[in-house]
Amino acid sequence: MRLTLAAALALMPIAAIAQDDPRLDAVAARQGYFKLLGANMGVLAGMAKGDLAYDEAQATQAGANIKALSLYHAPVHFAQGTSTDDLGDQTAARPEIWTDSAGFAEKFAGLAAAAAPLPEALAGGQDSLGPVVQSLGGACKACHDGYRAK
Amino acid sequence: MRVRVWDPALRAYHWLLAAAVTVTWLLGQFGPASMTLHFWLGYSILGLLAFRLVWGLAGPAPARFASFVRGPGATLRYARGIFVRQPSLTAGHNPLGALSAVAMIAVLAMQGVTGLFVDPDDYINVGPLAGSVDAATRKLAIRLHHLGATLAVVLVGLHVAAILFYRVWKREDLVRPMLTGWKLVRPPRD
């Protein structure tokens, strides 16, 4: 009984740290950011492929959301000590994000550039979706290739 | 004696596969963001491999797996004599070449199949079957696909190096038979 209590007390600080670890908060914040990007990309890609029924208002809204997200400064959530080297499977952020922060920032600029013509670029009906998805998807891939763990 | 070891269909398969694998690999590493051509070539490679499977079971004798896949004993015996400076005169794949061929077929099959399930989260290069499996499987597929790309380079490099080794060291041309079908082989003992 005493031993169990001692063990529980000894483990408590670890549990507390795990919960309040600001590094994990940063990871959660940026993963939420990419979830939002993905949710809106999913709408555009789904409609472009025909998996989702085309709806211009919905497409325009998704495009506007992506543009807003592309202007959000997400790199602030890539705090020091939160790469795959530090946190393993809890993140997909490769150490290159920190060793080559200029290259990483450039990829975010690429997303902003791809999203710049939104949502106006989506005005031409369903046919306008393909090029927009290609261009945005290319920006996703450009960054995933070098900075996201496989 | 000169024998027609490689039939025309097998030769066409070999060179189409070599070209498709080279272009697909290059597109995978350096290609445009939209990997449509990489995908179509991947499907073609799966088709070529399906042909090879059929040919390996029901094709002409030198093409059949049963004729060239050898046990460890025969393979070791052949490997011991590999540096002897004379042609192998094998009527088809020699026991080590057989290992290489099977390894390449296996890795390319893995590439083709895992490619169907990849999802790199870019919404433009999603495998056609990615939606039918869970996220963990998709992740595994993409990891295997990247590993397989490296393995493919190693195996193709080994393949080309072996052909150079046979040409230069063992004085045996293995390229011409794959072009013409005809190869100098040791007459069967009776």
# chains A, B, ... in the order shown; residues from 1 in each chain; ligands from 1
call {"tool": "interface_residues", "arguments": {"of": "chain A", "to": "chain B", "cutoff": "7 Å", "atoms": "only C-alpha atoms", "output": "list of chain:residue names"}}
result
A:Ala45, A:Gln134, A:Gly137, A:Gly138, A:Cys140, A:Lys141, A:Lys150
call {"tool": "residues_around", "arguments": {"residues": "stretch 159-173 of chain B", "least_positions_apart": "5", "cutoff": "9 Å", "atoms": "only C-alpha atoms", "output": "list in words"}}
result
Ile82, Phe83, Val84, Arg85, Gln86, Pro87, Ser88, Leu89, Gly97, Ser100, Ala101, Val154, Lys183 and Leu184 of chain B
call {"tool": "residues_around", "arguments": {"residues": "B:Leu46", "least_positions_apart": "4", "cutoff": "7 Å", "atoms": "only C-alpha atoms", "output": "MDAnalysis selection string"}}
result
chainID B and resid 42 50 109 112
call {"tool": "closest_residue", "arguments": {"among": "A:Gln31, A:Ser135, A:Gln80, A:Thr91", "to": "A:Leu118", "atoms": "only C-alpha atoms"}}
result
A:Ser135
call {"tool": "closest_residue", "arguments": {"among": "B:Val175, B:Val69, B:Val54, B:Val126", "to": "B:Ala103", "atoms": "only C-alpha atoms"}}
result
B:Val69
call {"tool": "closest_residue", "arguments": {"among": "A:Ala121, A:Ala57, A:Val133, A:Ala116", "to": "A:Gly38", "atoms": "only C-alpha atoms"}}
result
A:Val133
call {"tool": "residues_around", "arguments": {"residues": "A:Gly81", "least_positions_apart": "2", "cutoff": "12 Å", "atoms": "only C-alpha atoms", "output": "ChimeraX atom specification"}}
result
/A:21-24,26-27,77-79,83-88,91,93-95,97-99
call {"tool": "residues_around", "arguments": {"residues": "B:Ser44", "least_positions_apart": "2", "cutoff": "10 Å", "atoms": "only C-alpha atoms", "output": "list in words"}}
result
Leu16, Leu17, Ala20, Val21, His38, Phe39, Trp40, Leu41, Gly42, Leu46, Gly47, Leu48, Leu49, Ala50 and Gly112 of chain B
call {"tool": "write_last_selection", "arguments": {"atoms": "C-alpha atoms", "output": "PDB file, in the first residue's frame"}}
result
ATOM      1  CA  LEU B  16       9.102  -1.735 -71.385  1.00  0.00           C
ATOM      2  CA  LEU B  17       9.556  -2.432 -67.685  1.00  0.00           C
ATOM      3  CA  ALA B  20       8.629   2.505 -67.243  1.00  0.00           C
ATOM      4  CA  VAL B  21      10.514   1.973 -63.976  1.00  0.00           C
ATOM      5  CA  HIS B  38       3.702   8.643 -62.241  1.00  0.00           C
ATOM      6  CA  PHE B  39       0.377   7.019 -61.341  1.00  0.00           C
ATOM      7  CA  TRP B  40      -0.403   5.899 -64.914  1.00  0.00           C
ATOM      8  CA  LEU B  41       3.066   4.451 -65.340  1.00  0.00           C
ATOM      9  CA  GLY B  42       2.606   2.684 -62.000  1.00  0.00           C
ATOM     10  CA  LEU B  46       1.435  -3.548 -62.420  1.00  0.00           C
ATOM     11  CA  GLY B  47       0.126  -4.727 -65.803  1.00  0.00           C
ATOM     12  CA  LEU B  48       3.613  -5.712 -66.948  1.00  0.00           C
ATOM     13  CA  LEU B  49       4.183  -7.598 -63.692  1.00  0.00           C
ATOM     14  CA  ALA B  50       0.877  -9.421 -64.150  1.00  0.00           C
ATOM     15  CA  GLY B 112       2.728  -0.818 -57.430  1.00  0.00           C
TER      16      GLY B 112
END
call {"tool": "closest_residue", "arguments": {"among": "B:Leu53, B:Leu37, B:Ala66, B:Val156", "to": "B:Leu10", "atoms": "only C-alpha atoms"}}
result
B:Leu53
call {"tool": "atom_distance", "arguments": {"atom1": "atom CA of A:Ala139", "atom2": "atom CA of B:Ala130"}}
result
20.7 Å
call {"tool": "residues_around", "arguments": {"residues": "B:Ser67", "least_positions_apart": "5", "cutoff": "12 Å", "atoms": "only C-alpha atoms", "output": "list of chain:residue names"}}
result
B:Val5, B:Trp55, B:Gly56, B:Leu57, B:Ala58, B:Gly59, B:Pro60, B:Ala61, B:Pro62, B:Thr90, B:Ala91, B:Gly92, B:His93, B:Asn94, B:Pro95, B:Ala98
call {"tool": "write_last_selection", "arguments": {"atoms": "C-alpha atoms", "output": "compact mmCIF listing (two decimals), in the first residue's frame"}}
result
# COMPACT_ATOMS: atom_id res chain seq x y z
CA VAL B 5 16.36 -18.17 -74.80
CA TRP B 55 4.65 -15.96 -68.27
CA GLY B 56 6.50 -17.32 -65.25
CA LEU B 57 3.90 -20.02 -64.85
CA ALA B 58 2.82 -20.75 -68.42
CA GLY B 59 5.41 -19.13 -70.70
CA PRO B 60 8.33 -20.67 -72.60
CA ALA B 61 10.76 -22.72 -70.49
CA PRO B 62 13.47 -20.06 -69.80
CA THR B 90 23.23 -20.41 -68.68
CA ALA B 91 20.15 -20.90 -70.85
CA GLY B 92 18.28 -18.07 -69.17
CA HIS B 93 18.74 -16.69 -65.66
CA ASN B 94 21.71 -18.10 -63.74
CA PRO B 95 20.88 -18.94 -60.09
CA ALA B 98 17.23 -15.51 -60.73
call {"tool": "select_by_dssp", "arguments": {"residues": "stretch 3-185 of chain B", "states": "strand (DSSP E or B)", "output": "PyMOL selection string"}}
result
chain B and resi 3-4+182-184
call {"tool": "write_last_selection", "arguments": {"atoms": "N, CA and C atoms", "output": "mmCIF file, in the first residue's frame"}}
result
data_model
loop_
_atom_site.group_PDB
_atom_site.id
_atom_site.type_symbol
_atom_site.label_atom_id
_atom_site.label_comp_id
_atom_site.auth_asym_id
_atom_site.auth_seq_id
_atom_site.Cartn_x
_atom_site.Cartn_y
_atom_site.Cartn_z
ATOM 1 N N VAL B 3 21.137 -20.562 -78.749
ATOM 2 C CA VAL B 3 19.742 -20.940 -78.520
ATOM 3 C C VAL B 3 18.910 -19.671 -78.363
ATOM 4 N N ARG B 4 17.663 -19.738 -78.770
ATOM 5 C CA ARG B 4 16.757 -18.618 -78.574
ATOM 6 C C ARG B 4 16.200 -18.721 -77.153
ATOM 7 N N TRP B 182 18.732 -14.482 -78.867
ATOM 8 C CA TRP B 182 19.720 -15.555 -79.018
ATOM 9 C C TRP B 182 20.838 -15.444 -77.998
ATOM 10 N N LYS B 183 21.221 -16.592 -77.436
ATOM 11 C CA LYS B 183 22.287 -16.588 -76.434
ATOM 12 C C LYS B 183 23.123 -17.843 -76.602
ATOM 13 N N LEU B 184 24.423 -17.652 -76.360
ATOM 14 C CA LEU B 184 25.337 -18.792 -76.394
ATOM 15 C C LEU B 184 25.173 -19.554 -75.084
#
call {"tool": "select_by_dssp", "arguments": {"residues": "stretch 15-80 of chain A", "states": "alpha helix (DSSP H)", "output": "ChimeraX atom specification"}}
result
/A:15-20,22-49,56-71
call {"tool": "write_last_selection", "arguments": {"atoms": "N, CA and C atoms", "output": "compact mmCIF listing (two decimals), in the first residue's frame"}}
result
# COMPACT_ATOMS: atom_id res chain seq x y z
N ALA A 15 2.98 12.99 -14.95
CA ALA A 15 1.66 13.11 -15.56
C ALA A 15 1.29 14.58 -15.73
N ALA A 16 1.63 15.36 -14.69
CA ALA A 16 1.30 16.79 -14.73
C ALA A 16 2.07 17.47 -15.86
N ILE A 17 3.35 17.12 -16.00
CA ILE A 17 4.17 17.73 -17.05
C ILE A 17 3.61 17.36 -18.43
N ALA A 18 3.27 16.07 -18.55
CA ALA A 18 2.77 15.61 -19.84
C ALA A 18 1.53 16.40 -20.24
N GLN A 19 0.71 16.74 -19.25
CA GLN A 19 -0.53 17.45 -19.56
C GLN A 19 -0.29 18.92 -19.91
N ASP A 20 0.63 19.54 -19.19
CA ASP A 20 0.80 20.97 -19.36
C ASP A 20 1.99 21.33 -20.24
N PRO A 22 4.10 22.77 -22.72
CA PRO A 22 3.81 23.77 -23.76
C PRO A 22 4.21 23.27 -25.16
N ARG A 23 5.13 22.34 -25.19
CA ARG A 23 5.53 21.81 -26.50
C ARG A 23 4.36 21.06 -27.13
N LEU A 24 3.66 20.28 -26.30
CA LEU A 24 2.52 19.53 -26.83
C LEU A 24 1.38 20.47 -27.20
N ASP A 25 1.28 21.59 -26.48
CA ASP A 25 0.27 22.59 -26.87
C ASP A 25 0.58 23.15 -28.24
N ALA A 26 1.87 23.40 -28.50
CA ALA A 26 2.27 23.92 -29.81
C ALA A 26 1.94 22.90 -30.91
N VAL A 27 2.22 21.63 -30.61
CA VAL A 27 1.93 20.58 -31.59
C VAL A 27 0.43 20.53 -31.87
N ALA A 28 -0.37 20.59 -30.79
CA ALA A 28 -1.82 20.53 -30.97
C ALA A 28 -2.31 21.73 -31.78
N ALA A 29 -1.72 22.91 -31.51
CA ALA A 29 -2.14 24.11 -32.23
C ALA A 29 -1.87 23.98 -33.72
N ARG A 30 -0.68 23.54 -34.08
CA ARG A 30 -0.37 23.49 -35.51
C ARG A 30 -1.10 22.34 -36.18
N GLN A 31 -1.32 21.25 -35.44
CA GLN A 31 -2.08 20.16 -36.05
C GLN A 31 -3.52 20.58 -36.31
N GLY A 32 -4.05 21.41 -35.38
CA GLY A 32 -5.39 21.95 -35.59
C GLY A 32 -5.42 22.84 -36.83
N TYR A 33 -4.35 23.62 -36.99
CA TYR A 33 -4.25 24.50 -38.17
C TYR A 33 -4.30 23.67 -39.46
N PHE A 34 -3.52 22.60 -39.49
CA PHE A 34 -3.51 21.78 -40.72
C PHE A 34 -4.82 21.02 -40.90
N LYS A 35 -5.47 20.67 -39.79
CA LYS A 35 -6.79 20.03 -39.88
C LYS A 35 -7.79 20.98 -40.55
N LEU A 36 -7.73 22.25 -40.18
CA LEU A 36 -8.62 23.25 -40.78
C LEU A 36 -8.32 23.40 -42.27
N LEU A 37 -7.03 23.50 -42.58
CA LEU A 37 -6.64 23.57 -44.00
C LEU A 37 -7.19 22.36 -44.75
N GLY A 38 -6.98 21.18 -44.14
CA GLY A 38 -7.39 19.93 -44.79
C GLY A 38 -8.89 19.83 -44.97
N ALA A 39 -9.63 20.28 -43.96
CA ALA A 39 -11.09 20.20 -44.05
C ALA A 39 -11.59 21.03 -45.24
N ASN A 40 -11.00 22.20 -45.44
CA ASN A 40 -11.43 23.06 -46.55
C ASN A 40 -10.89 22.55 -47.89
N MET A 41 -9.65 22.03 -47.88
CA MET A 41 -9.11 21.41 -49.09
C MET A 41 -9.96 20.22 -49.51
N GLY A 42 -10.43 19.47 -48.50
CA GLY A 42 -11.25 18.29 -48.78
C GLY A 42 -12.52 18.65 -49.55
N VAL A 43 -13.09 19.80 -49.20
CA VAL A 43 -14.30 20.27 -49.90
C VAL A 43 -13.98 20.53 -51.37
N LEU A 44 -12.90 21.30 -51.60
CA LEU A 44 -12.55 21.66 -52.98
C LEU A 44 -12.15 20.42 -53.79
N ALA A 45 -11.29 19.57 -53.20
CA ALA A 45 -10.82 18.38 -53.92
C ALA A 45 -11.99 17.43 -54.17
N GLY A 46 -12.86 17.26 -53.17
CA GLY A 46 -14.01 16.37 -53.31
C GLY A 46 -14.93 16.82 -54.43
N MET A 47 -15.18 18.13 -54.51
CA MET A 47 -16.04 18.65 -55.57
C MET A 47 -15.35 18.55 -56.93
N ALA A 48 -14.03 18.77 -56.95
CA ALA A 48 -13.29 18.69 -58.23
C ALA A 48 -13.36 17.27 -58.78
N LYS A 49 -13.26 16.29 -57.89
CA LYS A 49 -13.27 14.89 -58.32
C LYS A 49 -14.67 14.37 -58.55
N GLU A 56 -21.47 26.07 -55.49
CA GLU A 56 -20.58 27.21 -55.64
C GLU A 56 -20.37 27.97 -54.34
N ALA A 57 -21.45 28.15 -53.58
CA ALA A 57 -21.34 28.91 -52.33
C ALA A 57 -20.40 28.20 -51.36
N GLN A 58 -20.55 26.88 -51.28
CA GLN A 58 -19.71 26.08 -50.38
C GLN A 58 -18.25 26.12 -50.82
N ALA A 59 -18.03 26.03 -52.14
CA ALA A 59 -16.68 26.06 -52.68
C ALA A 59 -16.03 27.41 -52.40
N THR A 60 -16.78 28.47 -52.62
CA THR A 60 -16.25 29.82 -52.40
C THR A 60 -15.90 30.03 -50.93
N GLN A 61 -16.77 29.48 -50.06
CA GLN A 61 -16.51 29.60 -48.62
C GLN A 61 -15.22 28.87 -48.24
N ALA A 62 -15.07 27.64 -48.78
CA ALA A 62 -13.85 26.87 -48.49
C ALA A 62 -12.62 27.62 -49.00
N GLY A 63 -12.75 28.20 -50.20
CA GLY A 63 -11.64 28.96 -50.77
C GLY A 63 -11.28 30.16 -49.90
N ALA A 64 -12.29 30.86 -49.42
CA ALA A 64 -12.05 32.03 -48.57
C ALA A 64 -11.39 31.61 -47.26
N ASN A 65 -11.83 30.47 -46.72
CA ASN A 65 -11.22 29.96 -45.49
C ASN A 65 -9.74 29.63 -45.70
N ILE A 66 -9.45 28.97 -46.84
CA ILE A 66 -8.06 28.60 -47.11
C ILE A 66 -7.20 29.86 -47.25
N LYS A 67 -7.76 30.86 -47.91
CA LYS A 67 -6.99 32.10 -48.06
C LYS A 67 -6.72 32.73 -46.68
N ALA A 68 -7.75 32.77 -45.84
CA ALA A 68 -7.57 33.33 -44.50
C ALA A 68 -6.50 32.54 -43.75
N LEU A 69 -6.57 31.20 -43.83
CA LEU A 69 -5.58 30.36 -43.13
C LEU A 69 -4.18 30.59 -43.69
N SER A 70 -4.09 30.84 -45.00
CA SER A 70 -2.77 31.02 -45.61
C SER A 70 -2.13 32.32 -45.14
N LEU A 71 -2.94 33.25 -44.64
CA LEU A 71 -2.40 34.51 -44.15
C LEU A 71 -2.07 34.45 -42.66
